[in-house]
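Chemist: The file below is my_file-v1.cif, mmCIF, C-alpha atoms:
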```
data_target
loop_
_atom_site.label_atom_id
_atom_site.label_comp_id
_atom_site.auth_asym_id
_atom_site.auth_seq_id
_atom_site.Cartn_x
_atom_site.Cartn_y
_atom_site.Cartn_z
CA MET L 7 76.54 84.24 174.01
CA VAL L 8 80.12 84.22 172.68
CA ARG L 9 79.23 81.49 170.19
CA ARG L 10 76.17 83.42 169.03
CA THR L 11 78.28 86.56 168.58
CA LYS L 12 80.76 84.60 166.48
CA GLU L 13 77.93 83.17 164.35
CA GLU L 14 76.49 86.67 163.89
CA ALA L 15 79.90 87.97 162.78
CA GLN L 16 80.18 85.14 160.24
CA GLU L 17 76.67 85.88 158.96
CA THR L 18 77.52 89.58 158.60
CA ARG L 19 80.72 88.72 156.72
CA ALA L 20 78.76 86.47 154.35
CA GLN L 21 76.19 89.27 153.79
CA ILE L 22 78.97 91.70 152.91
CA ILE L 23 80.59 89.29 150.46
CA GLU L 24 77.25 88.62 148.78
CA ALA L 25 76.55 92.36 148.53
CA ALA L 26 80.04 92.98 147.10
CA GLU L 27 79.45 90.32 144.49
CA ARG L 28 76.17 91.93 143.42
CA ALA L 29 77.65 95.44 143.39
CA PHE L 30 80.80 94.44 141.47
CA TYR L 31 78.70 92.54 138.94
CA ARG L 32 76.41 95.50 138.31
CA ARG L 33 78.91 98.37 138.32
CA GLY L 34 82.39 96.90 138.11
CA VAL L 35 84.93 96.91 140.90
CA ALA L 36 86.40 100.36 140.23
CA ARG L 37 83.03 102.14 140.20
CA THR L 38 81.75 100.41 143.34
CA THR L 39 82.36 102.08 146.71
CA LEU L 40 82.33 100.53 150.14
CA ALA L 41 79.29 102.73 150.85
CA ASP L 42 77.48 101.02 147.93
CA ILE L 43 78.30 97.62 149.38
CA ALA L 44 77.25 98.66 152.90
CA GLN L 45 73.89 99.88 151.59
CA LEU L 46 73.25 96.63 149.69
CA ALA L 47 74.30 94.52 152.67
CA GLY L 48 72.21 96.57 155.11
CA VAL L 49 75.22 97.25 157.35
CA THR L 50 77.35 100.24 158.26
CA ARG L 51 80.71 101.00 156.64
CA GLY L 52 82.20 100.32 160.05
CA ALA L 53 80.89 96.76 159.85
CA ILE L 54 82.66 96.33 156.52
CA TYR L 55 85.93 97.63 157.93
CA TRP L 56 85.59 95.19 160.82
CA HIS L 57 85.89 92.33 158.31
CA PHE L 58 87.70 93.84 155.31
CA ASN L 59 90.27 96.60 154.99
CA ASN L 60 89.44 97.49 151.38
CA LYS L 61 87.91 96.32 148.11
CA ALA L 62 90.96 94.20 147.32
CA GLU L 63 90.19 91.96 150.29
CA LEU L 64 86.59 91.61 149.11
CA VAL L 65 87.79 90.59 145.64
CA GLN L 66 90.10 88.05 147.29
CA ALA L 67 87.17 86.67 149.28
CA LEU L 68 85.29 86.08 146.01
CA LEU L 69 88.35 84.42 144.49
CA ASP L 70 88.71 82.17 147.53
CA MET L 71 85.13 81.00 147.05
CA LEU L 72 86.02 79.74 143.58
CA HIS L 73 89.01 77.80 144.89
CA GLU L 74 87.16 76.08 147.73
CA THR L 75 85.55 73.40 145.54
CA HIS L 76 88.74 72.73 143.57
CA ASP L 77 91.35 72.52 146.31
CA HIS L 78 91.25 68.75 146.85
CA LEU L 79 91.83 68.00 143.15
CA ALA L 80 94.55 70.64 142.90
CA ARG L 81 96.34 69.21 145.93
CA ALA L 82 96.04 65.68 144.55
CA SER L 83 97.54 66.59 141.18
CA GLU L 84 100.41 68.40 142.92
CA SER L 85 101.15 65.53 145.33
CA GLU L 86 104.12 63.30 144.50
CA ASP L 87 102.17 60.38 146.00
CA GLU L 88 99.27 60.72 143.56
CA VAL L 89 99.28 57.83 141.06
CA ASP L 90 97.16 59.70 138.46
CA PRO L 91 98.19 63.38 138.57
CA LEU L 92 97.13 64.03 134.97
CA GLY L 93 93.76 62.45 135.66
CA CYS L 94 93.31 64.75 138.66
CA MET L 95 94.23 67.75 136.53
CA ARG L 96 91.69 66.66 133.91
CA LYS L 97 88.95 66.27 136.54
CA LEU L 98 89.82 69.71 137.93
CA LEU L 99 89.57 71.39 134.52
CA LEU L 100 86.28 69.62 133.78
CA GLN L 101 84.92 70.75 137.13
CA VAL L 102 85.93 74.35 136.38
CA CYS L 103 84.13 74.28 133.02
CA ARG L 104 80.99 72.64 134.35
CA GLU L 105 80.67 74.85 137.42
CA LEU L 106 81.04 77.94 135.27
CA VAL L 107 77.98 76.92 133.26
CA MET L 108 75.87 75.29 135.98
CA ASP L 109 76.49 77.54 138.99
CA ALA L 110 75.21 81.12 138.72
CA ARG L 111 77.45 82.47 141.50
CA THR L 112 80.57 80.92 139.96
CA ARG L 113 79.63 82.46 136.63
CA ARG L 114 79.09 85.92 138.14
CA ILE L 115 82.38 85.86 140.05
CA ASN L 116 84.28 84.76 136.95
CA GLU L 117 82.63 87.50 134.92
CA ILE L 118 83.68 90.05 137.55
CA LEU L 119 87.28 88.80 137.45
CA HIS L 120 87.43 88.66 133.64
CA TYR L 121 85.51 91.77 132.61
CA LYS L 122 84.57 93.95 135.59
CA CYS L 123 87.78 94.19 137.59
CA GLU L 124 89.50 97.23 136.10
CA PHE L 125 93.18 97.78 136.94
CA THR L 126 93.05 101.56 137.32
CA ASP L 127 95.67 103.54 139.27
CA ASP L 128 93.83 103.19 142.57
CA MET L 129 93.41 99.44 142.04
CA CYS L 130 97.09 98.50 142.15
CA GLU L 131 96.57 96.17 145.10
CA ILE L 132 93.96 94.19 143.20
CA ARG L 133 96.30 93.94 140.21
CA GLN L 134 99.06 92.57 142.45
CA GLN L 135 96.58 90.22 144.05
CA ARG L 136 95.58 88.82 140.66
CA GLN L 137 99.23 88.51 139.64
CA HIS L 138 99.95 86.43 142.76
CA ALA L 139 96.91 84.24 142.03
CA VAL L 140 98.12 83.55 138.48
CA LEU L 141 101.64 82.77 139.72
CA ASP L 142 100.21 80.36 142.30
CA CYS L 143 98.18 78.68 139.57
CA HIS L 144 101.29 78.36 137.38
CA ARG L 145 103.27 76.82 140.26
CA GLY L 146 100.52 74.29 140.86
CA MET L 147 100.37 73.38 137.18
CA ILE L 148 104.14 72.95 137.02
CA ALA L 149 104.09 70.64 140.06
CA ALA L 150 101.26 68.59 138.54
CA MET L 151 103.04 68.32 135.19
CA ASN L 152 106.30 67.24 136.84
CA ASN L 153 104.35 64.53 138.68
CA ALA L 154 102.70 63.44 135.42
CA MET L 155 106.11 63.30 133.72
CA ARG L 156 107.47 61.09 136.52
CA ARG L 157 104.47 58.78 136.11
CA GLY L 158 104.97 58.57 132.35
CA GLN L 159 101.70 60.40 131.62
CA LEU L 160 103.44 63.27 129.84
CA PRO L 161 106.61 63.28 127.70
CA ALA L 162 109.82 63.20 129.73
CA ASP L 163 111.20 66.14 127.75
CA LEU L 164 108.16 68.40 128.25
CA ASP L 165 109.07 71.93 129.36
CA PRO L 166 106.65 72.30 132.32
CA GLU L 167 107.22 76.05 132.75
CA GLN L 168 106.28 76.81 129.14
CA ALA L 169 103.51 74.22 129.19
CA ALA L 170 101.96 75.86 132.29
CA VAL L 171 101.88 79.24 130.53
CA VAL L 172 100.23 77.73 127.44
CA LEU L 173 97.66 75.69 129.36
CA PHE L 174 96.70 78.61 131.59
CA ALA L 175 96.30 80.89 128.57
CA TYR L 176 94.21 78.26 126.78
CA VAL L 177 91.84 77.63 129.71
CA ASP L 178 91.58 81.31 130.67
CA GLY L 179 90.84 82.24 127.07
CA LEU L 180 88.28 79.43 126.74
CA LEU L 181 86.39 80.52 129.85
CA GLY L 182 86.63 84.21 128.99
CA SER L 183 85.33 83.58 125.46
CA TRP L 184 82.35 81.61 126.76
CA LEU L 185 81.51 84.30 129.33
CA LEU L 186 81.52 86.92 126.58
CA LEU L 187 79.63 84.85 123.99
CA PRO L 188 78.04 81.83 125.70
CA GLU L 189 75.98 81.02 122.63
CA SER L 190 79.08 80.69 120.43
CA PHE L 191 80.04 77.19 121.64
CA ASP L 192 78.83 74.48 124.04
CA LEU L 193 81.19 74.66 127.01
CA LEU L 194 79.11 72.24 129.08
CA GLY L 195 78.23 69.59 126.51
CA ASP L 196 81.70 69.61 124.95
CA ALA L 197 83.65 70.09 128.18
CA GLU L 198 85.61 66.85 127.75
CA LYS L 199 86.56 67.81 124.20
CA TRP L 200 87.80 71.26 125.24
CA VAL L 201 89.78 69.92 128.20
CA ASP L 202 91.29 67.04 126.24
CA ALA L 203 92.34 69.44 123.48
CA GLY L 204 94.32 71.42 126.05
CA LEU L 205 95.95 68.30 127.50
CA ASP L 206 96.75 67.04 123.98
CA MET L 207 98.90 70.15 123.52
CA LEU L 208 101.03 69.01 126.45
CA ARG L 209 101.37 65.49 125.09
CA LEU L 210 101.88 66.23 121.41
CA SER L 211 103.22 69.74 120.76
CA PRO L 212 106.92 69.76 119.70
CA ALA L 213 107.05 73.46 120.60
CA LEU L 214 106.59 72.56 124.29
CA ARG L 215 109.63 70.24 124.44
CA LYS L 216 112.89 71.15 126.19
CA ARG L 217 115.65 72.17 123.81
#
```
Take the structure in this file and express it as structure tokens.
Modeler:
Amino acid sequence: MVRRTKEEAQETRAQIIEAAERAFYRRGVARTTLADIAQLAGVTRGAIYWHFNNKAELVQALLDMLHETHDHLARASESEDEVDPLGCMRKLLLQVCRELVMDARTRRINEILHYKCEFTDDMCEIRQQRQHAVLDCHRGMIAAMNNAMRRGQLPADLDPEQAAVVLFAYVDGLLGSWLLLPESFDLLGDAEKWVDAGLDMLRLSPALRKR
């Protein structure tokens, strides 16, 4: 009985997350209420509060779903024991591009985060949440680049802090542009070209060297 109750709670949580995804995608995060999500999920607002304190936690749950499939590559690139950290970073970026095109849920969640997650006054917690996520991403990139520098895969005088900012902006802009105008370029077919262009900046740009 206890196990069944736990399974039911997990199923309800999954229903709520799925309903939040649909509601955020249709109306945007700011214009969606917990009552809207409860109605779509077929649960009470009390059931939502049992699992989530607010919309910010629901947005975080969607973000966590994106990270689940990438964690092993991210950890590998950040590990000092990894013999090919740059290769792991490349595989990770290719996976991000390909999943965005091939997986409908990944595409919807990314579109919510890019274009339907408004940072209005009552959404300060979500803004802080996104800031922390970006900072975590930057820290991971810096660790991976330092590993690649130690392995001789990137120039020894690369400035990893600046390079992380540039690479994040490049990838985020690439994905955001495709979400807005998917017909404007072939993100899937040319994924290797787009990813390698970003990594070439790290290898070749004089502006990213330590002074």
Chemist: I'd like to see the residues matched by the PyMOL selection byres ((chain L and resi 121-132) around 8) on this file, and ideally I'd get them as a list in words.
Modeler: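 Given this file, the PyMOL selection byres ((chain L and resi 121-132) around 8) evaluates to Phe30, Tyr31, Arg33, Gly34, Val35, Ala36, Ala62, Val65, Glu117, Ile118, Leu119, His120, Arg133, Gln134, Gln135 and Arg136 of chain L.
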Chemist: Expand the PyMOL selection byres ((chain L and resi 185-189) around 10) into the individual residues it matches in the shown file, reporting them as a list in words.
Modeler: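 When the PyMOL selection byres ((chain L and resi 185-189) around 10) is applied, the selected residues are Leu106, Val107, Arg113, Arg114, Asn116, Glu117, His120, Tyr121, Gly179, Leu180, Leu181, Gly182, Ser183, Trp184, Ser190, Phe191, Asp192 and Leu193 of chain L.
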Chemist: Please evaluate the PyMOL selection byres ((chain L and resi 83) around 8) against the structure above and give the resulting residues as number ranges by chain.
Modeler: L: 79-82, 84-85, 88, 90-95, 149-150, 153
Chemist: Rounded to one decimal place, report the CA of Glu24 in chain L-CA of Gly52 in chain L distance in Å.
Modeler: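 Computing it gives 17.0 Å between the two atoms.
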Chemist: Go through L:Leu141, L:Ala53, L:Leu205, L:Met151 and flag the residue nearest Asp163 in chain L, using all atoms listed in the file for the distances.
Modeler: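 Among the listed residues, L:Met151 lies closest to Asp163 in chain L.
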Chemist: CA of Val49 in chain L and CA of Glu74 in chain L, how far apart in Å?
Modeler: 26.1 Å
Chemist: Tell me, in Å to one decimal, how far CA of Arg111 in chain L is from CA of Glu63 in chain L.
Modeler: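 Computing it gives 18.2 Å between the two atoms.
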Chemist: Determine the nearest neighbour of Leu98 in chain L from the options L:Glu198, L:Asp70, L:Asp42, L:Ala15, counting only C-alpha atoms.
Modeler: L:Glu198
